[in-house]
Each structure stands twice: as structure tokens, then as C-alpha cells.
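Trainee: Provided herewith: work-v5.cif, mmCIF, C-alpha atoms.
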data_entry
loop_
_atom_site.label_atom_id
_atom_site.label_comp_id
_atom_site.auth_asym_id
_atom_site.auth_seq_id
_atom_site.Cartn_x
_atom_site.Cartn_y
_atom_site.Cartn_z
CA MET A 136 266.08 144.00 216.93
CA ARG A 137 269.15 141.97 216.04
CA LEU A 138 269.26 140.45 219.53
CA PHE A 139 265.63 139.33 219.34
CA ALA A 140 266.29 137.97 215.84
CA GLU A 141 269.20 135.87 217.14
CA ALA A 142 267.08 134.60 220.04
CA GLY A 143 264.16 133.76 217.74
CA LEU A 144 266.39 131.87 215.31
CA TRP A 145 267.91 129.89 218.18
CA ILE A 146 264.44 128.92 219.47
CA ILE A 147 263.22 127.89 215.99
CA LYS A 148 266.41 125.94 215.31
CA THR A 149 266.25 124.18 218.69
CA ALA A 150 262.64 123.19 217.98
CA GLY A 151 263.78 121.63 214.71
CA PHE A 152 261.91 123.92 212.30
CA THR A 153 265.03 125.14 210.49
CA GLU A 154 268.69 124.32 209.94
CA ARG A 155 269.82 127.88 209.24
CA THR A 156 272.60 129.25 211.42
CA ALA A 157 272.83 132.83 210.10
CA VAL A 158 270.32 135.60 210.66
CA VAL A 159 268.73 136.97 207.48
CA GLU A 160 266.80 140.20 206.91
CA ARG A 161 263.47 138.49 207.53
CA ASP A 162 264.63 137.40 210.99
CA VAL A 163 265.66 140.95 211.89
CA LEU A 164 262.26 142.32 210.89
CA LEU A 165 260.42 139.68 212.89
CA GLY A 166 262.77 140.23 215.83
CA GLY A 167 262.12 143.95 215.73
CA ALA A 168 258.37 143.38 215.69
CA ALA A 169 258.62 140.98 218.65
CA ALA A 170 260.83 143.40 220.60
CA SER A 171 258.41 146.26 219.92
CA LEU A 172 255.39 144.27 221.13
CA MET A 173 257.15 142.93 224.25
CA LEU A 174 259.13 145.97 225.40
CA CYS A 175 257.49 149.14 224.09
CA ASP A 176 254.55 150.25 226.20
CA TRP A 177 254.73 153.89 227.21
CA THR A 178 251.11 154.28 228.37
CA GLY A 179 251.88 153.57 232.03
CA ASP A 180 254.78 156.02 232.04
CA LEU A 181 252.61 158.65 230.34
CA TYR A 182 249.93 158.24 233.00
CA ASP A 183 252.47 158.55 235.83
CA LEU A 184 254.17 161.52 234.15
CA THR A 185 250.85 163.36 233.77
CA ILE A 186 250.17 162.90 237.49
CA ALA A 187 253.74 163.96 238.33
CA VAL A 188 253.39 167.31 236.52
CA GLY A 189 250.17 168.18 238.35
CA GLY A 190 247.45 166.59 236.25
CA THR A 191 244.37 165.04 237.84
CA PRO A 192 243.69 161.29 237.56
CA SER A 193 240.90 161.99 235.05
CA MET A 194 243.30 164.10 232.96
CA ALA A 195 245.91 161.31 233.12
CA LYS A 196 243.36 158.68 232.01
CA LEU A 197 242.19 160.86 229.14
CA THR A 198 245.79 161.52 228.04
CA THR A 199 246.60 157.82 228.13
CA LEU A 200 243.48 156.90 226.14
CA LEU A 201 244.35 159.44 223.44
CA SER A 202 247.87 157.97 223.18
CA LEU A 203 246.44 154.56 222.27
CA VAL A 204 245.79 155.89 218.75
CA PRO A 205 249.14 157.39 217.72
CA LEU A 206 249.54 159.57 214.64
CA SER A 207 251.59 156.89 212.89
CA PRO A 208 250.22 153.48 213.93
CA PRO A 209 252.32 151.49 211.41
CA ALA A 210 255.60 152.86 212.81
CA LEU A 211 254.54 152.90 216.46
CA LEU A 212 252.50 149.71 216.76
CA PHE A 213 252.97 147.31 213.87
CA ALA A 214 256.35 147.72 212.18
CA PRO A 215 259.85 146.81 213.43
CA TYR A 216 260.90 150.45 213.65
CA ALA A 217 263.04 152.65 215.88
CA GLU A 218 260.17 154.92 216.95
CA PRO A 219 258.48 152.69 219.58
CA PHE A 220 261.80 152.13 221.35
CA PHE A 221 262.63 155.83 221.18
CA ALA A 222 259.21 156.85 222.52
CA THR A 223 259.27 154.34 225.38
CA LEU A 224 262.77 155.29 226.50
CA SER A 225 261.96 159.01 226.20
CA TYR A 226 258.94 158.69 228.49
CA LYS A 227 260.88 156.65 231.03
CA GLY A 228 263.64 159.25 231.07
CA MET A 229 261.21 162.16 231.44
CA LEU A 230 259.46 160.43 234.33
CA ALA A 231 262.83 159.76 235.96
CA CYS A 232 263.60 163.49 235.65
CA ARG A 233 260.39 164.38 237.49
CA ARG A 234 261.42 161.93 240.22
CA ARG A 235 264.93 163.45 240.21
CA ASN A 236 266.57 160.12 239.40
CA TRP A 237 269.17 161.65 237.12
CA MET A 238 271.25 158.55 236.47
CA LYS A 239 268.23 156.55 235.31
CA ALA A 240 267.08 159.50 233.21
CA SER A 241 270.44 159.89 231.49
CA VAL A 242 270.69 156.15 230.78
CA CYS A 243 267.18 156.10 229.28
CA PHE A 244 267.95 159.18 227.18
CA MET A 245 271.27 157.65 226.12
CA LEU A 246 269.51 154.50 224.91
CA ALA A 247 266.89 156.65 223.16
CA THR A 248 269.69 158.51 221.37
CA ALA A 249 271.06 155.15 220.21
CA PHE A 250 267.79 154.70 218.28
CA ARG A 251 267.40 158.29 217.04
CA SER A 252 269.97 161.09 216.96
CA ASN A 253 267.42 163.72 218.01
CA GLY A 254 267.51 162.05 221.41
CA THR A 255 270.40 164.39 222.18
CA MET A 256 267.76 167.12 222.68
CA LEU A 257 266.40 165.15 225.64
CA ALA A 258 269.42 166.32 227.64
CA GLY A 259 267.52 169.58 227.99
CA PHE A 260 265.22 167.96 230.54
CA ILE A 261 268.23 167.06 232.69
CA ILE A 262 269.67 170.58 232.44
CA TRP A 263 266.26 172.04 233.27
CA GLY A 264 265.74 169.79 236.29
CA ILE A 265 269.23 170.18 237.76
CA LEU A 266 269.89 173.86 236.97
CA VAL A 267 266.99 175.94 235.64
CA GLU A 268 264.18 174.81 237.93
CA PRO A 269 266.18 174.97 241.21
CA LEU A 270 267.58 178.41 240.32
CA THR A 271 264.10 179.72 239.53
CA LEU A 272 262.82 178.42 242.87
CA HIS A 273 265.74 180.07 244.68
CA TRP A 274 265.04 183.40 242.99
CA ALA A 275 261.34 183.10 243.82
CA ARG A 276 262.26 182.79 247.53
CA ARG A 277 264.92 185.50 247.15
CA LYS A 278 267.68 183.29 248.38
CA ILE A 279 271.29 183.63 247.41
CA LEU A 280 272.68 181.31 244.79
CA PRO A 281 273.08 177.82 246.20
CA GLN A 282 276.59 176.83 247.22
CA ALA A 283 276.18 173.62 245.25
CA LEU A 284 275.73 175.53 241.98
CA VAL A 285 279.14 174.46 240.63
CA THR A 286 278.40 170.85 241.54
CA SER A 287 275.03 171.10 239.81
CA VAL A 288 276.65 172.46 236.64
CA ILE A 289 279.15 169.58 236.64
CA ARG A 290 276.39 167.00 237.20
CA ALA A 291 274.22 168.44 234.45
CA THR A 292 277.19 168.45 232.08
CA VAL A 293 278.15 164.84 232.83
CA TYR A 294 274.60 163.52 232.50
CA SER A 295 274.07 165.50 229.28
CA LEU A 296 277.29 164.12 227.78
CA LEU A 297 276.14 160.63 228.71
CA THR A 298 272.90 161.28 226.84
CA ALA A 299 274.80 162.34 223.73
CA LEU A 300 277.33 159.49 223.93
CA PRO A 301 275.79 157.23 221.22
CA PHE A 302 275.69 160.14 218.77
CA VAL A 303 279.32 161.05 219.52
CA LEU A 304 280.50 157.44 219.17
CA HIS A 305 278.69 157.15 215.84
CA GLN A 306 280.50 160.24 214.53
CA VAL A 307 283.85 158.92 215.75
CA HIS A 308 283.19 155.56 214.13
CA GLY A 309 282.27 157.30 210.89
CA TYR A 310 285.46 159.36 210.91
CA TYR A 311 287.75 156.39 211.48
CA SER A 312 285.83 154.35 208.89
CA PHE A 313 286.17 156.89 206.07
CA CYS A 314 288.75 159.54 206.95
CA THR A 315 291.87 157.63 208.02
CA ALA A 316 294.80 156.61 205.82
CA GLU A 317 293.94 152.93 205.67
CA ARG A 318 290.42 153.82 204.51
CA ALA A 319 291.42 156.14 201.67
CA ASP A 320 289.10 156.12 198.65
CA PRO A 321 291.11 155.63 195.43
CA PHE A 322 288.22 157.03 193.35
CA SER A 323 288.10 160.33 195.23
CA PRO A 324 290.32 163.22 194.01
CA THR A 325 291.38 164.00 197.57
CA GLY A 326 291.44 160.40 198.75
CA PHE A 327 288.64 160.96 201.26
CA PRO A 328 284.96 161.99 201.20
CA PRO A 329 284.46 165.79 201.26
CA TRP A 330 282.97 165.82 204.75
CA CYS A 331 286.29 164.62 206.18
CA TYR A 332 287.54 168.19 205.66
CA SER A 333 284.49 169.93 207.13
CA LYS A 334 285.03 172.69 209.68
CA PRO A 335 284.83 173.04 212.63
CA LEU A 336 284.18 169.28 213.00
CA PRO A 337 284.14 166.55 210.35
CA LEU A 338 280.75 165.00 211.14
CA ILE A 339 279.30 162.29 208.91
CA TYR A 340 275.78 162.97 210.22
CA GLY A 341 275.33 166.38 208.60
CA TYR A 342 276.83 165.23 205.30
CA VAL A 343 274.58 162.16 205.02
CA GLN A 344 271.48 164.17 205.96
CA LYS A 345 272.22 166.79 203.31
CA GLN A 346 273.59 164.54 200.57
CA TYR A 347 271.20 161.61 200.73
CA TRP A 348 268.11 162.98 202.50
CA ASP A 349 268.21 166.55 201.15
CA VAL A 350 267.90 167.95 204.68
CA GLY A 351 268.73 171.61 205.25
CA PHE A 352 267.21 175.00 205.96
CA LEU A 353 264.06 175.35 203.80
CA ARG A 354 265.39 172.72 201.33
CA TYR A 355 262.12 170.81 201.75
CA TRP A 356 259.98 173.85 200.96
CA ARG A 357 259.22 172.97 197.34
CA LEU A 358 255.97 172.58 195.41
CA PRO A 359 256.21 168.75 195.07
CA GLN A 360 256.33 168.50 198.90
CA ILE A 361 253.01 170.29 199.48
CA PRO A 362 251.19 166.97 200.16
CA ASN A 363 253.67 166.15 202.93
CA PHE A 364 253.13 169.58 204.48
CA LEU A 365 249.39 168.94 204.37
CA PHE A 366 249.88 165.56 206.06
CA ALA A 367 251.81 167.25 208.87
CA ALA A 368 249.61 170.37 209.15
CA PRO A 369 247.07 169.17 211.80
CA VAL A 370 249.64 167.91 214.30
CA MET A 371 251.95 170.85 213.62
CA ALA A 372 249.08 173.24 214.31
CA LEU A 373 248.28 171.49 217.59
CA LEU A 374 251.88 171.35 218.82
CA TRP A 375 252.74 174.89 217.79
CA SER A 376 249.60 176.55 219.11
CA ALA A 377 249.65 174.78 222.47
CA SER A 378 253.38 175.11 223.15
CA TRP A 379 253.64 178.71 221.93
CA LYS A 380 250.62 179.70 224.03
CA GLN A 381 252.19 178.31 227.21
CA VAL A 382 255.70 179.65 226.57
CA ARG A 383 254.35 183.10 225.70
CA HIS A 384 252.05 183.10 228.75
CA VAL A 385 254.77 182.12 231.22
CA PHE A 386 257.40 184.52 229.93
CA ALA A 387 254.86 187.34 229.65
CA ASN A 388 254.14 186.83 233.35
CA ALA A 389 257.87 186.91 234.08
CA LEU A 390 258.33 190.10 232.08
CA GLU A 391 255.39 191.71 233.86
CA GLY A 392 256.94 190.81 237.20
CA TRP A 393 260.24 192.37 236.11
CA THR A 394 258.71 195.66 234.96
CA THR A 395 256.07 196.12 237.70
CA ASP A 396 257.44 198.19 240.58
CA ASN A 397 254.28 199.87 241.99
CA GLY A 398 255.94 203.26 241.73
CA LYS A 399 258.92 202.20 243.82
CA THR A 400 262.55 201.86 242.88
CA THR A 401 263.49 198.22 243.26
CA ASP A 402 266.78 196.42 242.98
CA ILE A 403 267.60 193.58 240.61
CA GLY A 404 267.03 191.00 243.36
CA SER A 405 263.44 192.10 243.88
CA ARG A 406 262.78 192.12 240.15
CA LEU A 407 264.19 188.60 239.80
CA GLN A 408 262.06 187.46 242.70
CA ARG A 409 258.85 188.84 241.20
CA SER A 410 259.66 187.40 237.77
CA ALA A 411 260.41 183.96 239.18
CA GLN A 412 257.27 184.00 241.34
CA ARG A 413 255.09 184.87 238.37
CA MET A 414 256.73 182.15 236.26
CA ILE A 415 256.01 179.51 238.89
CA PHE A 416 252.78 180.71 240.52
CA GLY A 417 251.29 183.00 237.88
CA PRO A 418 249.81 186.45 238.66
CA PRO A 419 249.12 187.16 242.36
CA ASN A 420 245.35 186.73 241.99
CA ARG A 421 245.87 183.10 240.92
CA ARG A 422 247.84 182.00 243.97
CA LYS A 423 246.51 180.19 246.95
CA GLU A 424 246.60 181.84 250.33
CA ASN A 425 249.59 179.74 251.39
CA GLY A 426 251.57 180.92 248.38
CA GLU A 427 251.45 177.58 246.58
CA PRO A 428 250.44 177.43 242.92
CA PRO A 429 246.81 176.48 242.30
CA ARG A 430 246.19 173.01 240.91
CA SER A 431 245.62 173.45 237.21
CA PRO A 432 245.78 171.42 234.00
CA PRO A 433 249.37 170.52 233.03
CA LEU A 434 249.43 172.98 230.12
CA ASN A 435 249.09 175.87 232.57
CA SER A 436 251.78 174.78 235.02
CA PHE A 437 255.46 175.58 235.44
CA ALA A 438 256.10 171.82 235.71
CA THR A 439 255.43 171.36 231.99
CA LEU A 440 257.26 174.47 230.76
CA SER A 441 260.32 172.42 229.83
CA HIS A 442 258.10 170.13 227.73
CA ALA A 443 256.51 173.14 226.03
CA ILE A 444 259.92 174.60 225.17
CA HIS A 445 261.16 171.23 223.89
CA CYS A 446 258.01 170.79 221.81
CA LEU A 447 258.22 174.31 220.35
CA ILE A 448 261.90 174.03 219.41
CA PHE A 449 261.64 170.49 218.07
CA SER A 450 258.55 171.12 215.94
CA SER A 451 260.13 174.32 214.58
CA ILE A 452 263.26 172.40 213.54
CA LEU A 453 261.14 169.77 211.80
CA LEU A 454 259.22 172.51 209.98
CA VAL A 455 262.19 174.35 208.49
CA GLU A 456 265.08 171.87 208.55
CA ALA A 457 263.75 168.33 208.03
CA HIS A 458 261.19 166.25 206.20
CA VAL A 459 258.18 167.79 207.88
CA GLN A 460 255.96 164.69 207.68
CA ILE A 461 258.13 162.77 210.16
CA VAL A 462 256.45 164.80 212.89
CA LEU A 463 253.66 162.23 212.58
CA ARG A 464 256.06 159.59 213.90
CA LEU A 465 258.08 161.68 216.31
CA SER A 466 255.16 163.49 217.95
CA SER A 467 254.31 160.27 219.78
CA SER A 468 257.57 160.55 221.71
CA MET A 469 256.44 163.89 223.21
CA PRO A 470 253.85 163.72 226.01
CA TYR A 471 252.97 167.30 225.15
CA THR A 472 251.16 166.00 222.06
CA TYR A 473 248.66 164.11 224.17
CA TRP A 474 248.46 166.80 226.86
CA ALA A 475 247.52 169.30 224.16
CA ALA A 476 244.92 166.91 222.70
CA ALA A 477 243.51 166.22 226.17
CA GLY A 478 243.39 169.97 226.78
CA LEU A 479 241.22 170.33 223.67
CA VAL A 480 238.84 167.63 224.87
CA MET A 481 238.52 169.23 228.30
CA GLN A 482 238.12 172.71 226.82
CA TYR A 483 235.35 171.75 224.41
CA LYS A 484 233.63 169.19 226.64
CA GLY A 485 229.87 169.68 226.29
CA SER A 486 230.29 172.53 223.83
CA THR A 487 227.60 172.78 221.13
CA ARG A 488 228.51 176.14 219.62
CA GLY A 489 230.99 176.87 216.85
CA TRP A 490 233.80 174.55 215.84
CA ASN A 491 234.33 171.70 218.29
CA TRP A 492 238.08 171.28 217.79
CA ALA A 493 238.22 168.35 220.22
CA ARG A 494 235.78 166.33 218.13
CA ILE A 495 237.56 167.33 214.93
CA TRP A 496 240.89 166.18 216.39
CA VAL A 497 239.57 162.79 217.51
CA VAL A 498 237.87 162.15 214.15
CA TYR A 499 241.07 163.18 212.34
CA VAL A 500 243.29 160.89 214.42
CA VAL A 501 241.06 157.83 214.02
CA THR A 502 240.56 158.43 210.29
CA TRP A 503 244.24 159.10 209.70
CA ALA A 504 245.18 155.89 211.55
CA PHE A 505 243.42 153.80 208.89
CA VAL A 506 244.57 155.93 205.97
CA SER A 507 248.21 155.90 207.10
CA MET A 508 248.26 152.11 207.36
CA ILE A 509 247.09 151.83 203.75
CA LEU A 510 249.68 154.36 202.59
CA TRP A 511 252.41 152.63 204.59
CA ALA A 512 251.59 149.23 203.11
CA ALA A 513 251.78 150.73 199.61
CA PHE A 514 255.16 152.42 200.35
CA LEU A 515 253.60 155.86 199.85
CA PRO A 516 254.23 159.07 201.84
CA PRO A 517 254.34 159.91 204.65
CA ALA A 518 256.05 156.59 205.44
#
With the file now loaded, output its structure as C-alpha cells.
Mentor:
Amino acid sequence: MRLFAEAGLWIIKTAGFTERTAVVERDVLLGGAAASLMLCDWTGDLYDLTIAVGGTPSMAKLTTLLSLVPLSPPALLFAPYAEPFFATLSYKGMLACRRRNWMKASVCFMLATAFRSNGTMLAGFIIWGILVEPLTLHWARRKILPQALVTSVIRATVYSLLTALPFVLHQVHGYYSFCTAERADPFSPTGFPPWCYSKPLPLIYGYVQKQYWDVGFLRYWRLPQIPNFLFAAPVMALLWSASWKQVRHVFANALEGWTTDNGKTTDIGSRLQRSAQRMIFGPPNRRKENGEPPRSPPLNSFATLSHAIHCLIFSSILLVEAHVQIVLRLSSSMPYTYWAAAGLVMQYKGSTRGWNWARIWVVYVVTWAFVSMILWAAFLPPA
């Protein structure tokens, strides 16, 4: 945002419309808006990612169309905000993970973390792709552990640390800015802010979140915050129901494979093999004759299990630890939001009986888009 502001001021000054030499707040806001419009378009990456995880072209088109109306249009489309940059970089990193381009993925996730600290959670996709998925495939084929396992652990660790680097550097900068001798606070009884003595690590992030944003376990669960919980309820219900359904389904299959022995005594290797096969391919009656998994919507595939786990954990953290209404902004950085919405549309397509949840979701999103812009302009929640 600052870079675009500097460039915009230089262009305006060169054209003779101003004599200012220093960037002011207005320039930064305009620069952020220009950068968002020029650089932040995640629709193409979302389409490619949907195809990469096993979705059909029609599913990918539907998912992309649904993403054109995000749950927080002011933050994602119109305001100079961190969210559009975070969402774009997250999608690019996730797509790079599917294509096994780990360096590109870690760089994209690192840049995403520079915009939002929760980008550190994106390292889970790297760990999943380098370690969890290959190990599950090896167990499914009943092969011994790969000789390159140690190398894979090292690679996953390095790429994950690279993802978290902006967060780490910010904490280090905070410590040296407030907790060193030359920065002592004469108005503090101890000379330094209280977080400088925190154990096991003196992190400014946790202190600021708790002290100034009142973030903490169930600290937001108060009667005055009921409207914000109501704002977040529809998207929370969608994310939780879809992700929990997939995670429960996959691990129930794995547990069934572990416990089923057909009356025979089996060793641990055979149990691991059956569990891994059921995680990847589902029950035996759902497999193709060649042993490959049947083509199914993304929400039923092993390829999206990492996204389901990420979505379930992240939405749970937002529910009990953070300002719950920010899920409206952050849900746009998770492709699982739009996969779940597309799944509703496909499930209720042509349905005339009972509640048509797909229609209800689309009406809600479109209506909320207009309402949220009015609330945002008036500086009202859930901005």
C-alpha cells in the first residue's frame, strides 16, 4: 500500500498536479485501493484449485461465480485493506501446494503472513503435502517408510519456518523496541511493559491482542456481543457443518478399516493399510475396479481433507478465541467456503420440497453484501 502510494504521488507530482513531496494518510489509502484492484484477483486461482482437487469444470465455474460476491465486499473489494492481499496470496500458495511447488507455496504463504498473522496456519498445507499425504499413500500400498522421510521432515520444517518468518520478525522487532535497556519506560514500575517478562516467550502479539482487542478464550462471549455472533452465524454454520461432516466421514472410514478384520488376526501393517485405503478411496464398494478413487465432488475427496481440517480448526478458534464476526472477512481466504456453498447448490439443484438451503444461502449472501456496505460506511459492526 505504501509502495503504491509513493508511486502514485510521484506520477501526480510529475504531471504537475501537486508540489507535495511526502506521503500522507490519504495517499496510503488510495495506494492500497489501487494495489487491491490491480493485484488481488483470486478467482482464476480458485478455479484452477477446484480442478486440481478433483472438481469438474462445472463445479469450478460455480465455485468461482459464488466467490464473486464475498461475505465482506467492503474489505475484499472496495477498501484498502489487508484481506484481499491475504486471500490472493493464500490461494496462490494452496494451488502451488497441489502442484508440489513448495518454494513458491512457502513464499506466497510467507507474504500472506506479512499481511495477517494467522497466515502461519497455512504452513499446515505444506506439512500435509510433504509428509502426511505421501505417508498415507505409502501405507495404503503397504510399502515401508520411504528412505527420504528424514529429508521430507527437514524440507517441511524449513518451508514452514519460512512461512512463519514475518510473524517471528515482528515479535523480535517488538522485543527490541520495548524490552531492551535503551528503550526502558521511565513511567513503568519495572522499566518495561509487563509482556517483556512473559514466559515461556515474551511475545508482543499476545499482549496486544489481549490488552487492546480483548481477545482470549471465551472473553468475547458476552451479552453485548450477541449481534456480532448473529452476524457470523450463517457462515459459521456453513463452515462448521461442511468441514465437520467431511472430517468425521474420512476418519470414521479410517477407524472402520482399523477395526475390521473379517474374523482374522491381522498385524499392525495390515490395519494401517486398510485405514489408509479407506481414507483415500472410501469404503470398498465406492472404489473403481482399477483401485482408483471414484471422481466425486471436492467435499468428498481425500484431496480436500487438509482444507477441511484447516477450516474446522480456524473457524473453531475464531468462535472461542477471537472477535467472531471477522470470519466474514477471513472466510474469503478459504476455498472451502465456496466449495461448501457450491455443494449446497448442487445438492439442492431442482429441489422443490422442504427448505432449499442453496437458495437461502444465495439470497443471504447477496442481501448481506448490500447491508454490510452500509454498515461499513457508517463505521458500524461487523467492520
Trainee: For A:Arg494, please output as number ranges by chain all residues within 9 Å (counting only C-alpha atoms; exclusion window: fewer than 4 positions along the same chain).
Mentor: A: 479-480, 483, 490, 498-499
Trainee: Could you tell me which of A:Phe364, A:Tyr471, A:Trp375, A:Trp503 comes closest to A:Met229 if we count all atoms listed in the file?
Mentor: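 Result for the nearest residue to A:Met229: A:Tyr471.
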Trainee: For the file shown, what are the residues hit by the PyMOL selection byres ((chain A and resi 295-308) around 7), laid out as a PDB file with C-alpha atoms, in the frame of the given file?
Mentor:
ATOM      1  CA  SER A 241     270.440 159.890 231.490  1.00  0.00           C
ATOM      2  CA  VAL A 242     270.690 156.150 230.780  1.00  0.00           C
ATOM      3  CA  PHE A 244     267.950 159.180 227.180  1.00  0.00           C
ATOM      4  CA  MET A 245     271.270 157.650 226.120  1.00  0.00           C
ATOM      5  CA  THR A 248     269.690 158.510 221.370  1.00  0.00           C
ATOM      6  CA  ALA A 249     271.060 155.150 220.210  1.00  0.00           C
ATOM      7  CA  SER A 252     269.970 161.090 216.960  1.00  0.00           C
ATOM      8  CA  THR A 255     270.400 164.390 222.180  1.00  0.00           C
ATOM      9  CA  ALA A 258     269.420 166.320 227.640  1.00  0.00           C
ATOM     10  CA  ILE A 261     268.230 167.060 232.690  1.00  0.00           C
ATOM     11  CA  ALA A 291     274.220 168.440 234.450  1.00  0.00           C
ATOM     12  CA  THR A 292     277.190 168.450 232.080  1.00  0.00           C
ATOM     13  CA  VAL A 293     278.150 164.840 232.830  1.00  0.00           C
ATOM     14  CA  TYR A 294     274.600 163.520 232.500  1.00  0.00           C
ATOM     15  CA  GLY A 309     282.270 157.300 210.890  1.00  0.00           C
ATOM     16  CA  TYR A 310     285.460 159.360 210.910  1.00  0.00           C
ATOM     17  CA  TYR A 311     287.750 156.390 211.480  1.00  0.00           C
ATOM     18  CA  SER A 312     285.830 154.350 208.890  1.00  0.00           C
ATOM     19  CA  LEU A 338     280.750 165.000 211.140  1.00  0.00           C
ATOM     20  CA  ILE A 339     279.300 162.290 208.910  1.00  0.00           C
ATOM     21  CA  TYR A 340     275.780 162.970 210.220  1.00  0.00           C
TER      22      TYR A 340
END
Trainee: Residue by residue, what does the PyMOL selection byres ((chain A and resi 441-456) around 8) grab here? Present the result as a compact mmCIF listing (two decimals) with C-alpha atoms, in the frame of the given file.
Mentor:
# COMPACT_ATOMS: atom_id res chain seq x y z
CA MET A 256 267.76 167.12 222.68
CA GLY A 259 267.52 169.58 227.99
CA PHE A 260 265.22 167.96 230.54
CA TRP A 263 266.26 172.04 233.27
CA VAL A 350 267.90 167.95 204.68
CA GLY A 351 268.73 171.61 205.25
CA PHE A 352 267.21 175.00 205.96
CA LEU A 353 264.06 175.35 203.80
CA ARG A 354 265.39 172.72 201.33
CA TYR A 355 262.12 170.81 201.75
CA TRP A 356 259.98 173.85 200.96
CA MET A 371 251.95 170.85 213.62
CA LEU A 374 251.88 171.35 218.82
CA TRP A 375 252.74 174.89 217.79
CA ALA A 377 249.65 174.78 222.47
CA SER A 378 253.38 175.11 223.15
CA TRP A 379 253.64 178.71 221.93
CA GLN A 381 252.19 178.31 227.21
CA VAL A 382 255.70 179.65 226.57
CA ALA A 438 256.10 171.82 235.71
CA THR A 439 255.43 171.36 231.99
CA LEU A 440 257.26 174.47 230.76
CA ALA A 457 263.75 168.33 208.03
CA HIS A 458 261.19 166.25 206.20
CA VAL A 459 258.18 167.79 207.88
CA ILE A 461 258.13 162.77 210.16
CA VAL A 462 256.45 164.80 212.89
CA MET A 469 256.44 163.89 223.21
CA PRO A 470 253.85 163.72 226.01
CA TYR A 471 252.97 167.30 225.15
Trainee: To one decimal in Å, tell me the separation between atom CA of A:Met194 and atom CA of A:Thr178.
Mentor: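 We find that atom CA of A:Met194 and atom CA of A:Thr178 lie 13.4 Å from each other.
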Trainee: Can you list, as a count of residues only, the residues that the PyMOL selection byres ((chain A and resi 204) around 12) selects here?
Mentor: 32
